[in-house]
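For reference, target_10.csv is printed below; it contains CSV, C-alpha atoms.
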```csv
chain,number,residue,atom,x,y,z
F,1,THR,CA,-1.4,8.2,-9.0
F,2,LEU,CA,-4.1,9.9,-6.9
F,3,MET,CA,-2.3,13.2,-6.1
F,4,PHE,CA,-1.2,16.0,-8.4
F,5,THR,CA,-3.7,14.9,-11.0
F,6,GLU,CA,-3.9,18.4,-12.5
F,7,VAL,CA,-0.8,17.5,-14.5
F,8,PRO,CA,0.0,14.4,-16.6
F,9,PHE,CA,1.5,11.4,-14.8
F,10,ARG,CA,5.0,12.0,-16.0
F,11,GLU,CA,5.0,15.5,-14.5
F,12,ARG,CA,3.7,14.4,-11.1
F,13,PHE,CA,7.1,13.3,-10.0
F,14,ALA,CA,8.4,16.9,-10.3
F,15,ALA,CA,5.3,18.2,-8.7
F,16,ALA,CA,5.8,15.8,-5.7
F,17,ALA,CA,9.4,16.8,-5.4
F,18,GLY,CA,8.5,20.5,-5.6
F,19,ALA,CA,6.0,19.9,-2.7
F,20,GLY,CA,8.8,18.5,-0.6
F,21,PHE,CA,8.3,14.8,-0.9
F,22,ARG,CA,11.3,12.5,-1.2
F,23,PHE,CA,9.4,9.2,-1.7
F,24,VAL,CA,6.5,8.3,-4.0
F,25,GLU,CA,4.2,5.4,-4.7
F,26,TYR,CA,1.8,4.9,-7.5
F,27,GLN,CA,-0.9,2.3,-8.2
F,28,PHE,CA,-0.7,0.7,-11.6
F,29,PRO,CA,2.1,2.0,-13.8
F,30,TYR,CA,1.7,-0.5,-16.6
F,31,ASP,CA,-0.1,1.7,-19.1
F,32,LEU,CA,1.5,5.0,-18.0
F,33,GLY,CA,5.0,4.5,-19.4
F,34,THR,CA,7.7,1.9,-20.0
F,35,PRO,CA,9.7,0.7,-17.0
F,36,GLU,CA,12.6,2.7,-18.1
F,37,GLU,CA,10.6,5.9,-18.7
F,38,ILE,CA,8.9,5.8,-15.2
F,39,ALA,CA,12.2,5.0,-13.6
F,40,GLY,CA,13.7,8.0,-15.4
F,41,TRP,CA,11.0,10.4,-14.3
F,42,ALA,CA,11.5,9.5,-10.7
F,43,ARG,CA,15.3,9.6,-10.9
F,44,VAL,CA,15.3,13.1,-12.6
F,45,ALA,CA,13.0,14.4,-9.8
F,46,GLY,CA,15.2,12.9,-7.2
F,47,LEU,CA,12.5,10.6,-5.8
F,48,GLU,CA,12.6,7.1,-4.4
F,49,VAL,CA,9.8,4.8,-5.5
F,50,VAL,CA,8.5,3.0,-2.4
F,51,LEU,CA,5.7,0.8,-3.7
F,52,HIS,CA,3.3,0.1,-6.6
F,53,ASN,CA,0.6,-2.6,-7.1
F,54,LEU,CA,0.6,-5.8,-9.1
F,55,PRO,CA,-1.5,-5.6,-12.3
F,56,LEU,CA,-5.1,-5.0,-11.5
F,57,GLY,CA,-6.6,-7.3,-14.2
F,58,ASP,CA,-9.4,-5.9,-16.4
F,59,ALA,CA,-11.0,-2.8,-14.9
F,60,THR,CA,-13.8,-3.0,-17.5
F,61,ARG,CA,-14.8,-6.3,-16.0
F,62,GLY,CA,-14.7,-4.9,-12.5
F,63,ASP,CA,-11.5,-6.6,-11.4
F,64,ALA,CA,-9.9,-5.5,-8.2
F,65,GLY,CA,-6.9,-7.8,-8.5
F,66,ILE,CA,-7.0,-11.4,-9.8
F,67,ALA,CA,-4.9,-13.3,-7.2
F,68,CYS,CA,-7.9,-15.3,-5.8
F,69,LEU,CA,-9.5,-16.3,-9.2
F,70,PRO,CA,-8.9,-20.0,-10.1
F,71,ASP,CA,-9.4,-19.5,-13.8
F,72,ARG,CA,-6.8,-16.7,-14.0
F,73,VAL,CA,-3.8,-18.2,-12.3
F,74,GLU,CA,-1.6,-18.0,-15.4
F,75,GLU,CA,-2.6,-14.4,-16.0
F,76,PHE,CA,-1.7,-13.6,-12.4
F,77,ARG,CA,1.7,-15.2,-12.6
F,78,THR,CA,2.5,-13.5,-15.9
F,79,GLY,CA,1.6,-10.2,-14.2
F,80,ILE,CA,4.1,-11.0,-11.5
F,81,GLU,CA,6.9,-10.9,-14.1
F,82,LYS,CA,5.7,-7.6,-15.5
F,83,ALA,CA,5.4,-6.1,-12.0
F,84,VAL,CA,8.9,-7.2,-11.0
F,85,THR,CA,10.3,-5.7,-14.3
F,86,TYR,CA,8.7,-2.3,-13.4
F,87,ALA,CA,9.8,-2.5,-9.8
F,88,THR,CA,13.3,-3.4,-10.6
F,89,ALA,CA,13.8,-0.7,-13.1
F,90,ALA,CA,12.6,2.0,-10.7
F,91,GLY,CA,14.4,0.6,-7.7
F,92,CYS,CA,11.1,-0.1,-6.0
F,93,ARG,CA,11.4,-2.6,-3.2
F,94,ARG,CA,7.7,-3.3,-2.5
F,95,LEU,CA,4.9,-4.6,-4.6
F,96,ASN,CA,1.3,-4.7,-3.3
F,97,CYS,CA,-1.2,-7.5,-4.2
F,98,LEU,CA,-4.9,-6.9,-4.4
F,99,ALA,CA,-6.7,-10.2,-3.7
F,100,GLY,CA,-9.6,-9.6,-6.0
F,101,ASN,CA,-13.4,-9.7,-5.8
F,102,THR,CA,-15.6,-12.7,-5.0
F,103,PRO,CA,-17.5,-13.8,-8.1
F,104,ALA,CA,-21.2,-14.6,-7.8
F,105,GLY,CA,-21.7,-18.2,-6.7
F,106,ALA,CA,-18.0,-18.8,-6.0
F,107,GLN,CA,-16.9,-20.9,-3.0
F,108,ARG,CA,-14.9,-18.8,-0.6
F,109,GLN,CA,-12.5,-21.6,0.4
F,110,GLN,CA,-11.6,-22.3,-3.2
F,111,LEU,CA,-10.8,-18.6,-3.7
F,112,LEU,CA,-8.7,-18.5,-0.5
F,113,ASP,CA,-6.8,-21.7,-1.6
F,114,THR,CA,-6.1,-20.1,-5.0
F,115,LEU,CA,-4.9,-16.9,-3.3
F,116,ILE,CA,-2.6,-18.7,-0.9
F,117,ASP,CA,-1.0,-20.7,-3.8
F,118,ASN,CA,-0.6,-17.5,-5.9
F,119,LEU,CA,0.9,-15.6,-3.0
F,120,ALA,CA,3.4,-18.3,-2.2
F,121,PHE,CA,4.5,-18.2,-5.8
F,122,ALA,CA,4.6,-14.4,-5.9
F,123,ALA,CA,6.4,-14.0,-2.6
F,124,GLU,CA,9.2,-16.4,-3.7
F,125,ARG,CA,9.5,-14.7,-7.1
F,126,CYS,CA,9.7,-11.3,-5.6
F,127,GLN,CA,12.2,-12.4,-3.0
F,128,THR,CA,14.6,-13.5,-5.8
F,129,ALA,CA,14.3,-9.9,-7.2
F,130,GLY,CA,14.9,-8.2,-3.9
F,131,VAL,CA,11.3,-7.0,-3.6
F,132,THR,CA,8.9,-7.5,-0.7
F,133,LEU,CA,5.3,-8.6,-1.4
F,134,MET,CA,2.4,-6.9,0.4
F,135,LEU,CA,-1.2,-8.1,0.7
F,136,GLU,CA,-3.9,-5.4,1.3
F,137,PRO,CA,-7.4,-5.8,2.8
F,138,LEU,CA,-10.0,-3.3,1.6
F,139,ASN,CA,-13.1,-2.1,3.4
F,140,PRO,CA,-16.5,-3.6,2.5
F,141,HIS,CA,-18.2,-0.2,2.3
F,142,THR,CA,-16.4,1.0,-0.8
F,143,MET,CA,-15.4,-2.5,-2.0
F,144,PRO,CA,-18.3,-4.8,-1.0
F,145,SER,CA,-17.2,-7.8,-3.2
F,146,TYR,CA,-13.5,-7.7,-2.2
F,147,LEU,CA,-12.3,-11.0,-0.8
F,148,LEU,CA,-10.3,-9.7,2.2
F,149,ARG,CA,-12.2,-7.1,4.1
F,150,THR,CA,-10.5,-6.9,7.5
F,151,SER,CA,-6.9,-7.0,8.8
F,152,ALA,CA,-7.7,-10.4,10.5
F,153,GLU,CA,-8.7,-12.0,7.2
F,154,ALA,CA,-5.5,-10.7,5.5
F,155,VAL,CA,-3.3,-11.8,8.3
F,156,ALA,CA,-4.9,-15.3,8.3
F,157,VAL,CA,-3.9,-15.6,4.6
F,158,ILE,CA,-0.4,-14.4,5.3
F,159,SER,CA,-0.1,-17.0,8.1
F,160,ALA,CA,-1.3,-19.7,5.8
F,161,VAL,CA,1.2,-18.8,3.1
F,162,ALA,CA,4.0,-18.7,5.8
F,163,HIS,CA,6.5,-17.1,3.6
F,164,PRO,CA,8.9,-14.5,5.1
F,165,ASN,CA,8.7,-12.3,2.1
F,166,LEU,CA,4.9,-11.6,2.4
F,167,ARG,CA,3.8,-8.7,4.6
F,168,LEU,CA,0.6,-6.8,5.4
F,169,GLN,CA,-0.2,-3.5,3.8
F,170,TYR,CA,-2.1,-1.5,6.4
F,171,ASP,CA,-4.1,1.5,5.0
F,172,LEU,CA,-5.5,3.5,7.9
F,173,PHE,CA,-8.3,4.8,5.7
F,174,GLN,CA,-9.4,1.3,4.7
F,175,MET,CA,-9.2,-0.2,8.2
F,176,GLN,CA,-10.9,2.7,9.9
F,177,MET,CA,-13.8,2.2,7.5
F,178,ALA,CA,-13.7,-1.6,8.0
F,179,GLU,CA,-13.1,-2.1,11.7
F,180,GLY,CA,-11.8,0.8,13.6
F,181,ASN,CA,-9.7,0.3,16.8
F,182,LEU,CA,-6.6,1.3,14.9
F,183,ALA,CA,-4.1,1.9,17.6
F,184,ALA,CA,-4.5,-1.4,19.3
F,185,THR,CA,-4.7,-3.3,16.0
F,186,ILE,CA,-1.5,-1.7,14.6
F,187,GLU,CA,0.4,-2.5,17.8
F,188,ARG,CA,-0.8,-6.1,17.7
F,189,LEU,CA,-0.1,-6.6,14.0
F,190,LEU,CA,3.1,-4.7,13.8
F,191,PRO,CA,5.2,-7.9,13.2
F,192,SER,CA,3.2,-8.5,10.0
F,193,ILE,CA,3.0,-4.9,8.7
F,194,GLY,CA,5.4,-4.0,5.9
F,195,HIS,CA,3.9,-0.8,4.7
F,196,MET,CA,1.3,1.8,5.9
F,197,GLN,CA,-0.8,4.4,4.2
F,198,ILE,CA,-2.9,7.2,5.6
F,199,ALA,CA,-5.7,9.5,4.4
F,200,GLY,CA,-8.7,11.4,5.9
F,201,VAL,CA,-11.9,9.4,6.6
F,202,PRO,CA,-14.4,9.0,5.0
F,203,GLY,CA,-13.5,10.9,1.9
F,204,ARG,CA,-9.8,10.1,1.3
F,205,HIS,CA,-9.1,13.8,1.9
F,206,GLU,CA,-6.1,15.4,3.6
F,207,PRO,CA,-5.5,13.9,7.1
F,208,ASP,CA,-6.3,17.1,8.9
F,209,ALA,CA,-10.0,16.6,8.4
F,210,GLY,CA,-12.6,13.9,9.0
F,211,GLU,CA,-13.2,11.4,11.7
F,212,LEU,CA,-9.7,10.0,11.9
F,213,ASN,CA,-7.4,12.3,13.8
F,214,HIS,CA,-3.9,11.3,12.7
F,215,ALA,CA,-2.1,14.0,14.7
F,216,TRP,CA,-3.9,12.9,17.9
F,217,LEU,CA,-3.2,9.2,17.3
F,218,LEU,CA,0.5,9.9,16.7
F,219,ALA,CA,0.7,12.2,19.7
F,220,GLN,CA,-0.4,9.4,22.0
F,221,GLY,CA,3.1,8.2,21.9
F,222,VAL,CA,2.6,4.7,23.5
F,223,PRO,CA,1.6,2.4,22.0
F,224,PHE,CA,0.5,3.9,18.8
F,225,ALA,CA,3.3,6.3,17.9
F,226,PHE,CA,6.1,3.8,18.2
F,227,SER,CA,4.0,1.2,16.4
F,228,MET,CA,3.4,3.6,13.5
F,229,VAL,CA,7.0,4.8,13.3
F,230,LEU,CA,8.4,1.3,13.5
F,231,ALA,CA,6.2,0.4,10.6
F,232,ALA,CA,7.3,3.5,8.8
F,233,GLY,CA,10.9,2.4,9.5
F,234,LEU,CA,10.2,-1.0,8.0
F,235,SER,CA,9.3,0.5,4.6
F,236,GLY,CA,11.1,3.8,4.9
F,237,ALA,CA,8.0,5.8,4.3
F,238,VAL,CA,4.2,6.0,5.1
F,239,GLY,CA,2.0,6.4,2.0
F,240,LEU,CA,-0.2,9.5,1.7
F,241,VAL,CA,-3.1,8.2,-0.4
F,242,ILE,CA,-5.4,11.2,-0.9
F,243,GLY,CA,-8.0,10.8,-3.6
F,244,LEU,CA,-8.6,14.4,-4.5
F,245,PRO,CA,-7.9,16.3,-7.7
F,246,SER,CA,-6.3,19.2,-5.8
F,247,ILE,CA,-4.7,19.3,-2.3
F,248,ARG,CA,-5.2,21.9,0.4
F,249,VAL,CA,-1.8,23.3,1.4
F,250,SER,CA,-2.8,23.1,5.1
F,251,GLY,CA,-3.7,19.4,4.8
F,252,LEU,CA,-0.6,18.5,2.9
F,253,TYR,CA,1.5,20.4,5.4
F,254,LEU,CA,0.0,18.5,8.3
F,255,ALA,CA,0.6,15.2,6.6
F,256,MET,CA,4.2,16.0,5.9
F,257,VAL,CA,4.8,17.3,9.4
F,258,THR,CA,3.1,14.2,10.9
F,259,LEU,CA,5.3,11.9,8.8
F,260,ALA,CA,8.4,13.8,9.5
F,261,PHE,CA,7.7,13.6,13.2
F,262,ALA,CA,7.2,9.8,12.8
F,263,GLN,CA,10.6,9.5,11.0
F,264,MET,CA,12.3,11.6,13.8
F,265,LEU,CA,10.8,9.4,16.5
F,266,TYR,CA,11.9,6.3,14.6
F,267,TYR,CA,15.5,7.4,14.4
F,268,LEU,CA,15.5,8.6,18.0
F,269,PHE,CA,14.1,5.3,19.2
F,270,HIS,CA,16.6,3.2,17.3
F,271,ASP,CA,19.5,5.4,18.5
F,272,THR,CA,18.7,4.4,22.0
F,273,LYS,CA,18.9,0.6,21.3
```

Can you present the structure in this file as structure tokens?
Amino acid sequence: TLMFTEVPFRERFAAAAGAGFRFVEYQFPYDLGTPEEIAGWARVAGLEVVLHNLPLGDATRGDAGIACLPDRVEEFRTGIEKAVTYATAAGCRRLNCLAGNTPAGAQRQQLLDTLIDNLAFAAERCQTAGVTLMLEPLNPHTMPSYLLRTSAEAVAVISAVAHPNLRLQYDLFQMQMAEGNLAATIERLLPSIGHMQIAGVPGRHEPDAGELNHAWLLAQGVPFAFSMVLAAGLSGAVGLVIGLPSIRVSGLYLAMVTLAFAQMLYYLFHDTK
């Protein structure tokens, strides 16, 4: 959704394939085409769809997901069915849940209880469809009202749900902005991580610029590299979530080399077991 925006959404699949990608993810496909159309665009381009989000809610109301909102439980659960329909058509095996913003005056525990109940329902429904459910924390600098703002908060919710089909979506951009200490945190949280995303910090630019040195982190080997490549192995890909209208070739190249190196290490590591 965020890359190749110089062309319409349906043409971005071919653009991604032309740039050498084999996997894609997108945010909210629901107004961009029917399930069959989007699946067809990916299939014709020879791409595997790795992940997309559950319905956002109403963007005009400032929604950032609705899973935590007690008065919108029915809407959330209807959205699960729509998301599963889109995911199944595209062969997408992961759906990401955004928890939602904290309304003014709301009791945090009530929001958390609603979120836990909704995630338990969604994780079970997704499991019946062969889809793994993710939960993503977002940083408080760009999303100050979002309910889950650190990896610890998200993992606490995942633990409370206690469903094997619910995993953590770990976006290095979000978590560098929120808490830092990425290498040690990823190593510690690896059993909970089901998908990872990367981008440059602080501007969601290519990963060869900014304060977060992806190449250096990956080159450390132990513990970060194996943590990252094992997480990549869990989902089959690491998401490149760059929020720019056009992509520098050098930055895109580094991202692809970095992820290819991760994939190589993953397979080498598993060949030795």

**Distance of atom CA of Tyr170 of chain F from atom CA of Gly18 of chain F, expressed in Å to one decimal place** = 27.2 Å

**Asked** Using all atoms listed in the file, which residues sit within 10 Å of Glu36 of chain F once same-chain residues fewer than 2 positions away are excluded, as a VMD selection string?
**Response** chain F and resid 33 to 34 38 to 41 85 to 86 88 to 90

**Message:** To one decimal place in Å, what is the distance between atom CA of Ala45 of chain F and atom CA of Phe13 of chain F?
**Reply:**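 Taking atom CA of Ala45 of chain F as the start and atom CA of Phe13 of chain F as the end point, the length is 6.0 Å.
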
**Item:** Expected residue set, 9 Å radius at (5.2, -5.3, -14.5), only C-alpha atoms, as a ChimeraX atom specification
**Value:** /F:28-30,35,54-55,78-87

**Request:** Choose the residue, out of F:Val24, F:Met177, F:Ile158, F:Leu69, that has the smallest atom-to-atom separation from Val49 of chain F; count all atoms listed in the file.
**Result:**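 Distance minimum relative to Val49 of chain F lands on F:Val24.
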
**Request:** Determine the nearest neighbour of Thr142 of chain F from the options F:Leu95, F:Met175, F:Leu190, F:Ala15, counting all atoms listed in the file.
**Result:** F:Met175

**Message:** Would you pick out the contacts of Gln110 of chain F at 9 Å or less, using all atoms listed in the file, so that residues sharing its chain but fewer than 5 positions from it are not included, and give the list as a PyMOL selection string?
**Reply:** chain F and resi 68-70+115

**Prompt:** Using only C-alpha atoms, which of F:Glu11, F:Glu74, F:Asp113, F:Glu136 sits nearest Asn53 of chain F?
**Reply:**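 Smallest separation from Asn53 of chain F among the options: F:Glu136.
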
**Asked** Leaving out Leu98 of chain F and any residue of its chain fewer than 5 positions from it, which residues lie within 12 Å of it when counting only C-alpha atoms, given as number ranges by chain?
**Response** F: 27-28, 52-57, 63-69, 76, 115, 118-119, 133-138, 143, 146-149, 154, 168-169

**Message:** I need the residue nearest Ala17 of chain F from this list: F:Leu2, F:Ala42, F:Ile193, F:Ala160. Use all atoms listed in the file for the distance.
**Reply:**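 Checking each candidate against Ala17 of chain F, we get F:Ala42 as the closest.
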
**Prompt:** Rounded to one decimal in Å, what is the spacing between atom CA of Val155 of chain F and atom CA of Leu51 of chain F?
**Reply:** 19.6 Å

What's around Val50 of chain F at 7 Å? Count all atoms listed in the file, leave out sequence neighbours fewer than 5 positions away in its own chain, and write the answer as a compact mmCIF listing (two decimals) with C-alpha atoms, keeping the file's coordinate frame.
```txt
# COMPACT_ATOMS: atom_id res chain seq x y z
CA PHE F 23 9.40 9.20 -1.70
CA VAL F 24 6.50 8.30 -4.00
CA GLU F 25 4.20 5.40 -4.70
CA CYS F 92 11.10 -0.10 -6.00
CA ARG F 93 11.40 -2.60 -3.20
CA ARG F 94 7.70 -3.30 -2.50
```

**Message:** If we count all atoms listed in the file and set the cut-off at 8 Å, which residues sit around Ala178 of chain F, ignoring sequence neighbours fewer than 4 positions away in its own chain? Please answer as a ChimeraX atom specification.
**Reply:** /F:138-141,149-150,174

**Request:** Check the smallest atom-to-atom distance from each of F:Pro8, F:Gly105, F:Pro202, F:Pro144 to Phe173 of chain F using all atoms listed in the file, then report the winner.
**Result:**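 Closest to Phe173 of chain F of all the choices is F:Pro202.
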
**Message:** Ranking F:Pro103, F:Gly20, F:Gly200, F:Gly210 by minimum distance to Asp71 of chain F and counting only C-alpha atoms, which one comes first?
**Reply:**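 Checking each candidate against Asp71 of chain F, we get F:Pro103 as the closest.
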